[in-house]
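So this block is model.cif, mmCIF, C-alpha atoms and all ligand atoms:
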```
data_data
loop_
_atom_site.label_atom_id
_atom_site.label_comp_id
_atom_site.auth_asym_id
_atom_site.auth_seq_id
_atom_site.Cartn_x
_atom_site.Cartn_y
_atom_site.Cartn_z
CA MET A 1 0.00 0.00 0.00
CA ALA A 2 1.67 3.21 -1.16
CA GLU A 3 -0.06 5.52 1.30
CA ALA A 4 -1.17 5.22 4.90
CA PRO A 5 -4.76 3.95 5.21
CA PHE A 6 -5.32 6.47 8.01
CA GLU A 7 -3.98 9.86 9.01
CA LEU A 8 -0.73 9.82 10.95
CA PRO A 9 0.02 12.44 13.58
CA ASP A 10 2.79 14.98 13.20
CA LEU A 11 5.09 14.25 16.14
CA GLU A 12 8.14 16.05 14.81
CA SER A 13 8.35 18.30 17.87
CA ALA A 14 7.82 15.42 20.32
CA SER A 15 10.68 13.90 22.29
CA ALA A 16 11.77 10.30 21.67
CA ALA A 17 10.09 9.24 24.91
CA GLU A 18 6.86 10.99 23.87
CA VAL A 19 6.92 9.33 20.46
CA ILE A 20 7.39 5.91 22.01
CA ALA A 21 4.66 6.57 24.59
CA TRP A 22 2.28 7.45 21.75
CA ALA A 23 3.30 4.32 19.83
CA VAL A 24 2.76 2.04 22.82
CA GLU A 25 -0.59 3.64 23.55
CA THR A 26 -1.69 3.43 19.93
CA PHE A 27 -0.44 0.02 18.85
CA GLY A 28 0.07 -1.99 22.04
CA SER A 29 1.34 -5.49 21.32
CA ASP A 30 1.10 -4.87 17.56
CA LEU A 31 4.23 -2.75 17.93
CA ALA A 32 7.82 -4.01 18.01
CA LEU A 33 11.30 -2.49 18.03
CA ALA A 34 13.73 -3.69 15.36
CA CYS A 35 16.91 -4.26 17.31
CA SER A 36 20.25 -4.41 15.50
CA PHE A 37 22.16 -3.68 18.71
CA GLN A 38 23.66 -0.39 17.60
CA LYS A 39 23.96 2.33 20.22
CA GLU A 40 20.63 3.74 18.98
CA GLU A 41 18.90 0.54 20.05
CA SER A 42 20.52 0.84 23.48
CA VAL A 43 18.58 4.09 23.88
CA LEU A 44 15.37 2.80 22.34
CA LEU A 45 15.26 -0.39 24.37
CA GLU A 46 15.48 1.65 27.57
CA LEU A 47 12.69 3.97 26.43
CA LEU A 48 10.48 1.15 25.19
CA TYR A 49 10.69 -0.94 28.35
CA ALA A 50 10.16 2.17 30.49
CA ALA A 51 6.94 2.83 28.57
CA ASP A 52 5.87 -0.81 28.39
CA PRO A 53 7.68 -3.50 30.41
CA LYS A 54 6.02 -6.07 28.14
CA GLY A 55 7.16 -4.30 24.96
CA ARG A 56 8.32 -6.36 22.02
CA ALA A 57 11.70 -6.24 20.30
CA PHE A 58 13.06 -8.44 17.55
CA ALA A 59 16.39 -9.11 15.88
CA LEU A 60 17.27 -10.38 12.42
CA ASP A 61 19.65 -13.18 13.23
CA THR A 62 21.71 -13.70 10.08
CA ASP A 63 23.87 -16.34 11.79
CA LEU A 64 26.75 -14.06 10.82
CA LEU A 65 26.60 -11.55 13.63
CA PHE A 66 29.60 -10.80 15.83
CA PRO A 67 29.97 -12.84 19.02
CA GLU A 68 29.75 -9.53 20.88
CA THR A 69 26.33 -8.95 19.32
CA TYR A 70 25.01 -12.24 20.65
CA ASP A 71 26.49 -11.40 24.05
CA LEU A 72 24.72 -8.03 24.04
CA LEU A 73 21.46 -9.71 23.09
CA ALA A 74 21.75 -11.90 26.17
CA THR A 75 22.59 -8.88 28.33
CA VAL A 76 19.55 -7.01 27.05
CA GLU A 77 17.26 -9.98 27.68
CA GLN A 78 18.49 -10.18 31.25
CA ARG A 79 18.33 -6.43 31.92
CA TYR A 80 14.74 -6.10 30.74
CA SER A 81 13.51 -9.58 31.70
CA THR A 82 12.42 -10.12 28.13
CA THR A 83 13.00 -12.39 25.16
CA ILE A 84 14.17 -10.74 21.97
CA GLU A 85 12.26 -12.34 19.10
CA ARG A 86 14.74 -13.66 16.53
CA TRP A 87 14.01 -14.15 12.84
CA ARG A 88 16.21 -16.13 10.49
CA GLY A 89 16.49 -16.92 6.81
CA PRO A 90 17.98 -20.09 5.31
CA THR A 91 20.92 -21.75 6.98
CA ILE A 92 24.37 -20.84 5.71
CA GLU A 93 24.59 -24.33 4.23
CA GLN A 94 21.23 -24.05 2.41
CA GLN A 95 22.20 -20.69 1.01
CA ALA A 96 25.59 -21.97 -0.18
CA ALA A 97 23.99 -24.98 -1.86
CA GLU A 98 21.47 -22.87 -3.76
CA HIS A 99 23.33 -19.64 -4.42
CA GLY A 100 27.02 -20.49 -4.01
CA ALA A 101 29.41 -20.19 -1.10
CA GLU A 102 29.92 -16.80 0.53
CA LEU A 103 27.13 -15.07 -1.35
CA TRP A 104 27.96 -11.91 0.60
CA LYS A 105 31.10 -11.65 -1.56
CA THR A 106 29.51 -12.28 -4.94
CA ASN A 107 26.10 -10.65 -4.46
CA PRO A 108 25.65 -8.92 -1.10
CA THR A 109 22.28 -7.50 -2.14
CA ALA A 110 20.93 -11.00 -2.74
CA CYS A 111 22.49 -12.17 0.51
CA CYS A 112 20.79 -9.34 2.44
CA GLN A 113 17.53 -10.21 0.72
CA LEU A 114 17.75 -13.80 1.90
CA ARG A 115 19.14 -13.23 5.37
CA LYS A 116 17.55 -9.90 6.32
CA ILE A 117 14.68 -8.75 4.12
CA GLY A 118 12.90 -12.10 3.97
CA PRO A 119 13.08 -12.57 7.75
CA LEU A 120 12.09 -8.94 8.30
CA LYS A 121 8.95 -9.41 6.18
CA GLU A 122 8.02 -12.40 8.31
CA GLY A 123 8.72 -10.48 11.50
CA LEU A 124 6.64 -7.49 10.42
CA SER A 125 3.78 -9.49 8.98
CA GLY A 126 1.75 -9.54 12.20
CA LEU A 127 2.53 -5.98 13.27
CA SER A 128 0.80 -2.63 12.79
CA ALA A 129 3.91 -0.57 13.51
CA TRP A 130 7.65 -0.95 14.01
CA ILE A 131 10.22 1.20 15.76
CA THR A 132 13.63 1.75 14.19
CA GLY A 133 16.83 3.49 15.26
CA ILE A 134 17.38 5.40 12.05
CA ARG A 135 18.59 8.99 12.28
CA ARG A 136 18.47 11.56 9.51
CA ASP A 137 22.18 12.34 9.66
CA GLN A 138 23.28 8.72 9.18
CA SER A 139 23.10 8.73 5.39
CA PRO A 140 21.45 10.55 2.46
CA ALA A 141 18.94 7.68 2.20
CA ARG A 142 17.75 8.46 5.73
CA ALA A 143 17.77 12.26 5.49
CA ASN A 144 14.01 12.58 5.02
CA ALA A 145 12.91 10.13 7.69
CA LYS A 146 10.01 11.38 9.83
CA LYS A 147 9.38 10.40 13.41
CA VAL A 148 6.11 8.79 12.36
CA GLU A 149 5.65 7.74 8.75
CA TRP A 150 3.99 5.17 6.56
CA ASP A 151 6.32 2.39 5.44
CA ALA A 152 5.12 1.70 1.91
CA GLN A 153 7.73 -1.02 1.41
CA PHE A 154 6.35 -3.22 4.17
CA GLY A 155 2.83 -1.80 4.62
CA LEU A 156 2.78 -0.61 8.24
CA VAL A 157 3.59 2.43 10.33
CA LYS A 158 7.28 3.13 10.85
CA ILE A 159 8.36 5.04 13.93
CA ASN A 160 11.77 6.68 14.10
CA PRO A 161 11.94 8.32 17.56
CA LEU A 162 15.60 9.31 17.13
CA ALA A 163 15.19 10.80 13.64
CA ASP A 164 16.45 14.22 14.76
CA TRP A 165 19.14 12.98 17.15
CA SER A 166 22.82 13.44 16.42
CA ASP A 167 25.53 10.89 17.09
CA LYS A 168 26.53 12.92 20.14
CA ASP A 169 22.94 13.00 21.41
CA VAL A 170 22.87 9.19 21.35
CA TRP A 171 26.19 8.81 23.16
CA ARG A 172 25.18 11.40 25.74
CA GLU A 173 22.06 9.36 26.56
CA VAL A 174 23.93 6.04 26.60
CA HIS A 175 26.49 7.36 29.07
CA ALA A 176 24.05 9.41 31.17
CA LYS A 177 21.98 6.31 31.83
CA SER A 178 24.90 3.83 31.82
CA LEU A 179 23.11 1.77 29.20
CA PRO A 180 24.66 -1.45 27.89
CA TYR A 181 26.06 -0.88 24.39
CA HIS A 182 27.93 -2.80 21.74
CA PRO A 183 31.63 -3.07 22.69
CA LEU A 184 32.75 -2.82 19.06
CA HIS A 185 31.71 0.84 19.08
CA ASP A 186 34.78 1.37 21.27
CA GLN A 187 36.97 -0.35 18.68
CA GLY A 188 36.20 2.04 15.83
CA PHE A 189 33.03 0.45 14.49
CA ALA A 190 30.42 3.20 14.13
CA SER A 191 27.91 0.83 12.53
CA ILE A 192 27.82 -2.89 13.16
CA GLY A 193 26.26 -5.60 11.03
CA CYS A 194 27.40 -9.05 9.88
CA VAL A 195 31.01 -10.11 10.37
CA PRO A 196 31.87 -10.50 6.64
CA CYS A 197 30.48 -7.07 5.73
CA THR A 198 31.53 -4.86 8.61
CA LYS A 199 34.81 -3.05 9.10
CA PRO A 200 35.76 -0.23 11.44
CA GLY A 201 34.76 3.17 10.10
CA GLU A 202 32.85 6.39 10.66
CA GLY A 203 29.13 6.60 10.06
CA ARG A 204 28.13 3.74 7.77
CA GLU A 205 31.40 3.71 5.79
CA GLY A 206 32.44 0.41 7.41
CA ARG A 207 29.38 -1.41 6.06
CA TRP A 208 30.02 -3.26 2.76
CA ALA A 209 33.17 -1.15 2.43
CA GLY A 210 34.43 -0.87 -1.14
CA THR A 211 31.28 -2.25 -2.77
CA GLY A 212 29.22 0.94 -3.16
CA LYS A 213 26.43 -0.68 -1.17
CA VAL A 214 25.31 1.41 1.82
CA GLU A 215 21.97 -0.08 2.90
CA CYS A 216 20.80 -3.63 3.38
CA GLY A 217 17.33 -2.74 2.08
CA LEU A 218 15.47 -2.54 5.37
CA HIS A 219 15.01 1.20 5.01
CA GLU A 220 14.64 1.76 1.29
CA ASP A 221 12.86 0.38 -1.71
CA GLN A 222 14.11 -3.00 -2.85
CA GLN A 223 17.39 -2.70 -4.65
CA ASP A 224 18.15 -3.92 -8.12
CA GLY A 225 19.68 -7.35 -8.21
CA ALA A 226 17.84 -8.70 -5.20
CA PRO A 227 15.73 -11.80 -5.68
CA ALA A 228 12.01 -11.06 -5.38
CA ALA A 229 11.78 -13.60 -2.59
CA ALA A 230 13.88 -16.17 -0.87
CA PRO A 231 12.94 -19.16 -3.03
CA GLY A 232 12.36 -22.30 -1.10
CA HIS A 233 12.88 -20.69 2.26
CA SER A 234 10.44 -19.20 4.70
CA ALA A 235 11.96 -17.12 7.40
CA ILE A 236 11.51 -18.70 10.80
CA GLN A 237 11.10 -17.29 14.25
CA VAL A 238 13.53 -18.97 16.59
CA ALA A 239 12.71 -17.24 19.85
S1 LIG B 1 25.29 -7.82 5.72
FE1 LIG B 1 26.57 -9.19 4.46
S2 LIG B 1 26.50 -11.25 5.39
FE2 LIG B 1 24.85 -10.00 6.30
S3 LIG B 1 23.07 -10.50 5.11
FE3 LIG B 1 23.94 -8.67 4.14
S4 LIG B 1 25.42 -9.39 2.57
FE4 LIG B 1 24.84 -11.17 3.90
#
```

Would you encode the structure as C-alpha cells?
Amino acid sequence: MAEAPFELPDLESASAAEVIAWAVETFGSDLALACSFQKEESVLLELLYAADPKGRAFALDTDLLFPETYDLLATVEQRYSTTIERWRGPTIEQQAAEHGAELWKTNPTACCQLRKIGPLKEGLSGLSAWITGIRRDQSPARANAKKVEWDAQFGLVKINPLADWSDKDVWREVHAKSLPYHPLHDQGFASIGCVPCTKPGEGREGRWAGTGKVECGLHEDQQDGAPAAAPGHSAIQVA
C-alpha cells in the first residue's frame, strides 16, 4: 500500500520518549522495536521498556553476527527480563547450496535479501507498527525520515523516535543512563552488522566497504539485483 490507510500524527516536535509513549498507547502489542544492537537501540530499548515492560523487540539473526552482538542480546534480555524475538532466513549451508558459497562476496544484495529482508517481512507481517533506530544524519537515504511515517515497502507504520538525534545526542544518553552498548563501538566500528560485511569506520562507511552498497534494504525500496523472494525458504522465528 503506497499511502497510509489512516492519518498519521505529526510528532516532529515530540521527544523520543513521547513518540514511544504514543506508539505504545496506539499500537500496544502490535508494535515491536527492530533491534540491531547499535547504540541507537541501546537508547530505544530503555525507552520502550520504560513505557511498556512487556514491549516487544526483535532481531534479524543472520547467523553471521559478531559474538559480541550475541552477548549483548543476552545482556539485554536479562536487563529487561524479556526475550528478543529472533528471525532467520535459510541456513548458511542451504544458502551456499542454492546460491554459491559466501554469497555476501559475490552478491551482497541478494544475501541481504535472503538473510535480512525475507526474515524482516516475516517479523513485520503480524505488526501494525515498528520502531527503528534510524537517524536523519546517518546517510542521504535516511535524510528525510520522519518520526512517524507510513512504510510503503512493508505496509505498516514506521516510527523513528531518534530521527532528529545526532551521534553525540545518542552517546550522551547512553552514558548518562549507563546503558549497555555494543563493545565494538569502542573499537572504531560506528555501525555494526554481519562479520563478513563490517569493518571499522565512521558513520556507515564500514558497512560493505568498497562495494558501493550502503543499505541492506530494510530502510529503502528493494534494490536492483535482489531476488524477489527467498525461493524455497520461509523465514523462521527462533525465539
Ligand atoms: S550484511 Fe553481508 S553477510 Fe549480512 S546478510 Fe547482508 S550481505 Fe549477507

- Query: At what distance in Å, to one decimal, does atom CA of A:Arg86 lie from atom CA of A:Gly100?
  - Reply: 24.9 Å

Return the padded bounding box of ligand LIG 1 (chain B) as AutoDock Vina command-line options: axis-aligned, built from all atoms listed in the file, 5 Å added on each side, with centre and edge lengths in Å to one decimal.
```
--center_x 24.8 --center_y -9.5 --center_z 4.4 --size_x 13.5 --size_y 13.4 --size_z 13.7
```

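Comparing A:Trp165, A:Phe58, A:Tyr49, A:Trp171 by their smallest distance to A:Leu124, the closest is A:Phe58 (using all atoms listed in the file).
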
- Check every protein, DNA and RNA residue against ligand LIG 1 (chain B), keep those with an atom at most 9 Å away (counting all atoms listed in the file), and present them as JSON, numbers by chain. {"A": [62, 63, 64, 65, 102, 103, 104, 105, 107, 108, 109, 110, 111, 112, 113, 114, 115, 116, 117, 193, 194, 195, 196, 197, 198, 207, 208, 215, 216]}

- Task: May I have the residues within 12 Å of A:Gly126 as a PyMOL selection string, using all atoms listed in the file and disregarding those fewer than 4 positions away in the same chain?
- Result: chain A and resi 27+29-32+120-122+130+154-156

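Pairwise distance (atom CA of A:Asn160, atom CA of A:Gly28) equals 16.6 Å.
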
Given the block above, output stretch 136-183 of chain A with N, CA and C atoms as a PDB file, in the first residue's frame.
```pdb
ATOM      1  N   ARG A 136      18.364  10.894  10.812  1.00  0.00           N
ATOM      2  CA  ARG A 136      18.472  11.564   9.508  1.00  0.00           C
ATOM      3  C   ARG A 136      19.914  11.825   9.085  1.00  0.00           C
ATOM      4  N   ASP A 137      20.813  11.985  10.055  1.00  0.00           N
ATOM      5  CA  ASP A 137      22.179  12.336   9.656  1.00  0.00           C
ATOM      6  C   ASP A 137      23.061  11.112   9.405  1.00  0.00           C
ATOM      7  N   GLN A 138      22.475   9.916   9.406  1.00  0.00           N
ATOM      8  CA  GLN A 138      23.284   8.717   9.183  1.00  0.00           C
ATOM      9  C   GLN A 138      23.687   8.543   7.726  1.00  0.00           C
ATOM     10  N   SER A 139      22.794   8.917   6.813  1.00  0.00           N
ATOM     11  CA  SER A 139      23.101   8.729   5.389  1.00  0.00           C
ATOM     12  C   SER A 139      22.087   9.515   4.571  1.00  0.00           C
ATOM     13  N   PRO A 140      22.408   9.830   3.310  1.00  0.00           N
ATOM     14  CA  PRO A 140      21.447  10.553   2.463  1.00  0.00           C
ATOM     15  C   PRO A 140      20.121   9.804   2.345  1.00  0.00           C
ATOM     16  N   ALA A 141      20.163   8.465   2.347  1.00  0.00           N
ATOM     17  CA  ALA A 141      18.935   7.683   2.201  1.00  0.00           C
ATOM     18  C   ALA A 141      18.001   7.859   3.401  1.00  0.00           C
ATOM     19  N   ARG A 142      18.549   8.319   4.512  1.00  0.00           N
ATOM     20  CA  ARG A 142      17.753   8.459   5.728  1.00  0.00           C
ATOM     21  C   ARG A 142      17.418   9.917   6.048  1.00  0.00           C
ATOM     22  N   ALA A 143      17.864  10.830   5.190  1.00  0.00           N
ATOM     23  CA  ALA A 143      17.771  12.264   5.494  1.00  0.00           C
ATOM     24  C   ALA A 143      16.343  12.761   5.612  1.00  0.00           C
ATOM     25  N   ASN A 144      15.396  12.096   4.986  1.00  0.00           N
ATOM     26  CA  ASN A 144      14.012  12.579   5.015  1.00  0.00           C
ATOM     27  C   ASN A 144      13.117  11.783   5.960  1.00  0.00           C
ATOM     28  N   ALA A 145      13.711  10.950   6.780  1.00  0.00           N
ATOM     29  CA  ALA A 145      12.906  10.132   7.690  1.00  0.00           C
ATOM     30  C   ALA A 145      12.117  11.023   8.644  1.00  0.00           C
ATOM     31  N   LYS A 146      10.837  10.675   8.850  1.00  0.00           N
ATOM     32  CA  LYS A 146      10.012  11.384   9.830  1.00  0.00           C
ATOM     33  C   LYS A 146       9.918  10.533  11.089  1.00  0.00           C
ATOM     34  N   LYS A 147       9.498  11.170  12.164  1.00  0.00           N
ATOM     35  CA  LYS A 147       9.379  10.404  13.411  1.00  0.00           C
ATOM     36  C   LYS A 147       8.241   9.394  13.337  1.00  0.00           C
ATOM     37  N   VAL A 148       7.200   9.738  12.615  1.00  0.00           N
ATOM     38  CA  VAL A 148       6.106   8.787  12.361  1.00  0.00           C
ATOM     39  C   VAL A 148       5.787   8.855  10.881  1.00  0.00           C
ATOM     40  N   GLU A 149       5.891   7.745  10.188  1.00  0.00           N
ATOM     41  CA  GLU A 149       5.650   7.743   8.750  1.00  0.00           C
ATOM     42  C   GLU A 149       5.064   6.408   8.312  1.00  0.00           C
ATOM     43  N   TRP A 150       4.512   6.407   7.135  1.00  0.00           N
ATOM     44  CA  TRP A 150       3.991   5.169   6.564  1.00  0.00           C
ATOM     45  C   TRP A 150       5.116   4.467   5.814  1.00  0.00           C
ATOM     46  N   ASP A 151       5.296   3.189   6.110  1.00  0.00           N
ATOM     47  CA  ASP A 151       6.319   2.394   5.444  1.00  0.00           C
ATOM     48  C   ASP A 151       5.663   1.666   4.269  1.00  0.00           C
ATOM     49  N   ALA A 152       5.783   2.271   3.098  1.00  0.00           N
ATOM     50  CA  ALA A 152       5.116   1.704   1.914  1.00  0.00           C
ATOM     51  C   ALA A 152       5.764   0.385   1.493  1.00  0.00           C
ATOM     52  N   GLN A 153       7.043   0.210   1.805  1.00  0.00           N
ATOM     53  CA  GLN A 153       7.728  -1.020   1.415  1.00  0.00           C
ATOM     54  C   GLN A 153       7.136  -2.238   2.122  1.00  0.00           C
ATOM     55  N   PHE A 154       6.812  -2.067   3.408  1.00  0.00           N
ATOM     56  CA  PHE A 154       6.348  -3.219   4.173  1.00  0.00           C
ATOM     57  C   PHE A 154       4.886  -3.095   4.620  1.00  0.00           C
ATOM     58  N   GLY A 155       4.263  -1.936   4.379  1.00  0.00           N
ATOM     59  CA  GLY A 155       2.832  -1.803   4.623  1.00  0.00           C
ATOM     60  C   GLY A 155       2.438  -1.691   6.085  1.00  0.00           C
ATOM     61  N   LEU A 156       3.150  -0.880   6.840  1.00  0.00           N
ATOM     62  CA  LEU A 156       2.780  -0.615   8.239  1.00  0.00           C
ATOM     63  C   LEU A 156       3.389   0.719   8.662  1.00  0.00           C
ATOM     64  N   VAL A 157       3.065   1.157   9.849  1.00  0.00           N
ATOM     65  CA  VAL A 157       3.592   2.432  10.331  1.00  0.00           C
ATOM     66  C   VAL A 157       5.034   2.240  10.800  1.00  0.00           C
ATOM     67  N   LYS A 158       5.869   3.180  10.453  1.00  0.00           N
ATOM     68  CA  LYS A 158       7.284   3.135  10.846  1.00  0.00           C
ATOM     69  C   LYS A 158       7.557   4.313  11.774  1.00  0.00           C
ATOM     70  N   ILE A 159       8.136   4.017  12.903  1.00  0.00           N
ATOM     71  CA  ILE A 159       8.357   5.035  13.931  1.00  0.00           C
ATOM     72  C   ILE A 159       9.853   5.180  14.170  1.00  0.00           C
ATOM     73  N   ASN A 160      10.339   6.397  13.989  1.00  0.00           N
ATOM     74  CA  ASN A 160      11.773   6.680  14.104  1.00  0.00           C
ATOM     75  C   ASN A 160      11.981   7.737  15.194  1.00  0.00           C
ATOM     76  N   PRO A 161      11.919   7.329  16.465  1.00  0.00           N
ATOM     77  CA  PRO A 161      11.938   8.324  17.555  1.00  0.00           C
ATOM     78  C   PRO A 161      13.215   9.149  17.611  1.00  0.00           C
ATOM     79  N   LEU A 162      14.314   8.615  17.058  1.00  0.00           N
ATOM     80  CA  LEU A 162      15.600   9.315  17.127  1.00  0.00           C
ATOM     81  C   LEU A 162      15.930  10.023  15.814  1.00  0.00           C
ATOM     82  N   ALA A 163      14.936  10.238  14.978  1.00  0.00           N
ATOM     83  CA  ALA A 163      15.195  10.796  13.640  1.00  0.00           C
ATOM     84  C   ALA A 163      16.008  12.085  13.700  1.00  0.00           C
ATOM     85  N   ASP A 164      15.748  12.921  14.701  1.00  0.00           N
ATOM     86  CA  ASP A 164      16.450  14.217  14.758  1.00  0.00           C
ATOM     87  C   ASP A 164      17.610  14.215  15.755  1.00  0.00           C
ATOM     88  N   TRP A 165      18.006  13.049  16.222  1.00  0.00           N
ATOM     89  CA  TRP A 165      19.138  12.984  17.155  1.00  0.00           C
ATOM     90  C   TRP A 165      20.453  12.944  16.372  1.00  0.00           C
ATOM     91  N   SER A 166      21.472  13.535  16.972  1.00  0.00           N
ATOM     92  CA  SER A 166      22.823  13.437  16.416  1.00  0.00           C
ATOM     93  C   SER A 166      23.543  12.259  17.062  1.00  0.00           C
ATOM     94  N   ASP A 167      24.686  11.928  16.494  1.00  0.00           N
ATOM     95  CA  ASP A 167      25.527  10.890  17.086  1.00  0.00           C
ATOM     96  C   ASP A 167      25.853  11.230  18.551  1.00  0.00           C
ATOM     97  N   LYS A 168      26.183  12.502  18.777  1.00  0.00           N
ATOM     98  CA  LYS A 168      26.530  12.923  20.145  1.00  0.00           C
ATOM     99  C   LYS A 168      25.338  12.795  21.083  1.00  0.00           C
ATOM    100  N   ASP A 169      24.146  13.132  20.573  1.00  0.00           N
ATOM    101  CA  ASP A 169      22.942  13.001  21.411  1.00  0.00           C
ATOM    102  C   ASP A 169      22.800  11.566  21.899  1.00  0.00           C
ATOM    103  N   VAL A 170      23.040  10.603  20.991  1.00  0.00           N
ATOM    104  CA  VAL A 170      22.867   9.194  21.350  1.00  0.00           C
ATOM    105  C   VAL A 170      23.887   8.799  22.413  1.00  0.00           C
ATOM    106  N   TRP A 171      25.153   9.179  22.180  1.00  0.00           N
ATOM    107  CA  TRP A 171      26.189   8.809  23.156  1.00  0.00           C
ATOM    108  C   TRP A 171      25.941   9.463  24.512  1.00  0.00           C
ATOM    109  N   ARG A 172      25.452  10.702  24.477  1.00  0.00           N
ATOM    110  CA  ARG A 172      25.177  11.396  25.741  1.00  0.00           C
ATOM    111  C   ARG A 172      24.153  10.605  26.555  1.00  0.00           C
ATOM    112  N   GLU A 173      23.117  10.114  25.874  1.00  0.00           N
ATOM    113  CA  GLU A 173      22.057   9.361  26.558  1.00  0.00           C
ATOM    114  C   GLU A 173      22.581   8.005  27.052  1.00  0.00           C
ATOM    115  N   VAL A 174      23.377   7.346  26.207  1.00  0.00           N
ATOM    116  CA  VAL A 174      23.927   6.043  26.599  1.00  0.00           C
ATOM    117  C   VAL A 174      24.747   6.181  27.877  1.00  0.00           C
ATOM    118  N   HIS A 175      25.607   7.205  27.903  1.00  0.00           N
ATOM    119  CA  HIS A 175      26.491   7.357  29.068  1.00  0.00           C
ATOM    120  C   HIS A 175      25.743   7.912  30.283  1.00  0.00           C
ATOM    121  N   ALA A 176      24.796   8.827  30.038  1.00  0.00           N
ATOM    122  CA  ALA A 176      24.051   9.413  31.170  1.00  0.00           C
ATOM    123  C   ALA A 176      23.279   8.353  31.931  1.00  0.00           C
ATOM    124  N   LYS A 177      22.779   7.346  31.187  1.00  0.00           N
ATOM    125  CA  LYS A 177      21.977   6.310  31.832  1.00  0.00           C
ATOM    126  C   LYS A 177      22.744   5.004  32.020  1.00  0.00           C
ATOM    127  N   SER A 178      24.057   5.035  31.699  1.00  0.00           N
ATOM    128  CA  SER A 178      24.898   3.827  31.824  1.00  0.00           C
ATOM    129  C   SER A 178      24.236   2.621  31.146  1.00  0.00           C
ATOM    130  N   LEU A 179      23.786   2.838  29.926  1.00  0.00           N
ATOM    131  CA  LEU A 179      23.105   1.768  29.200  1.00  0.00           C
ATOM    132  C   LEU A 179      24.117   0.779  28.633  1.00  0.00           C
ATOM    133  N   PRO A 180      23.773  -0.491  28.556  1.00  0.00           N
ATOM    134  CA  PRO A 180      24.660  -1.447  27.894  1.00  0.00           C
ATOM    135  C   PRO A 180      24.724  -1.122  26.400  1.00  0.00           C
ATOM    136  N   TYR A 181      25.927  -1.169  25.833  1.00  0.00           N
ATOM    137  CA  TYR A 181      26.056  -0.885  24.394  1.00  0.00           C
ATOM    138  C   TYR A 181      27.087  -1.810  23.778  1.00  0.00           C
ATOM    139  N   HIS A 182      27.079  -1.846  22.464  1.00  0.00           N
ATOM    140  CA  HIS A 182      27.933  -2.796  21.743  1.00  0.00           C
ATOM    141  C   HIS A 182      29.415  -2.447  21.936  1.00  0.00           C
ATOM    142  N   PRO A 183      30.223  -3.396  22.414  1.00  0.00           N
ATOM    143  CA  PRO A 183      31.628  -3.071  22.691  1.00  0.00           C
ATOM    144  C   PRO A 183      32.436  -2.723  21.444  1.00  0.00           C
TER     145      PRO A 183
END
```
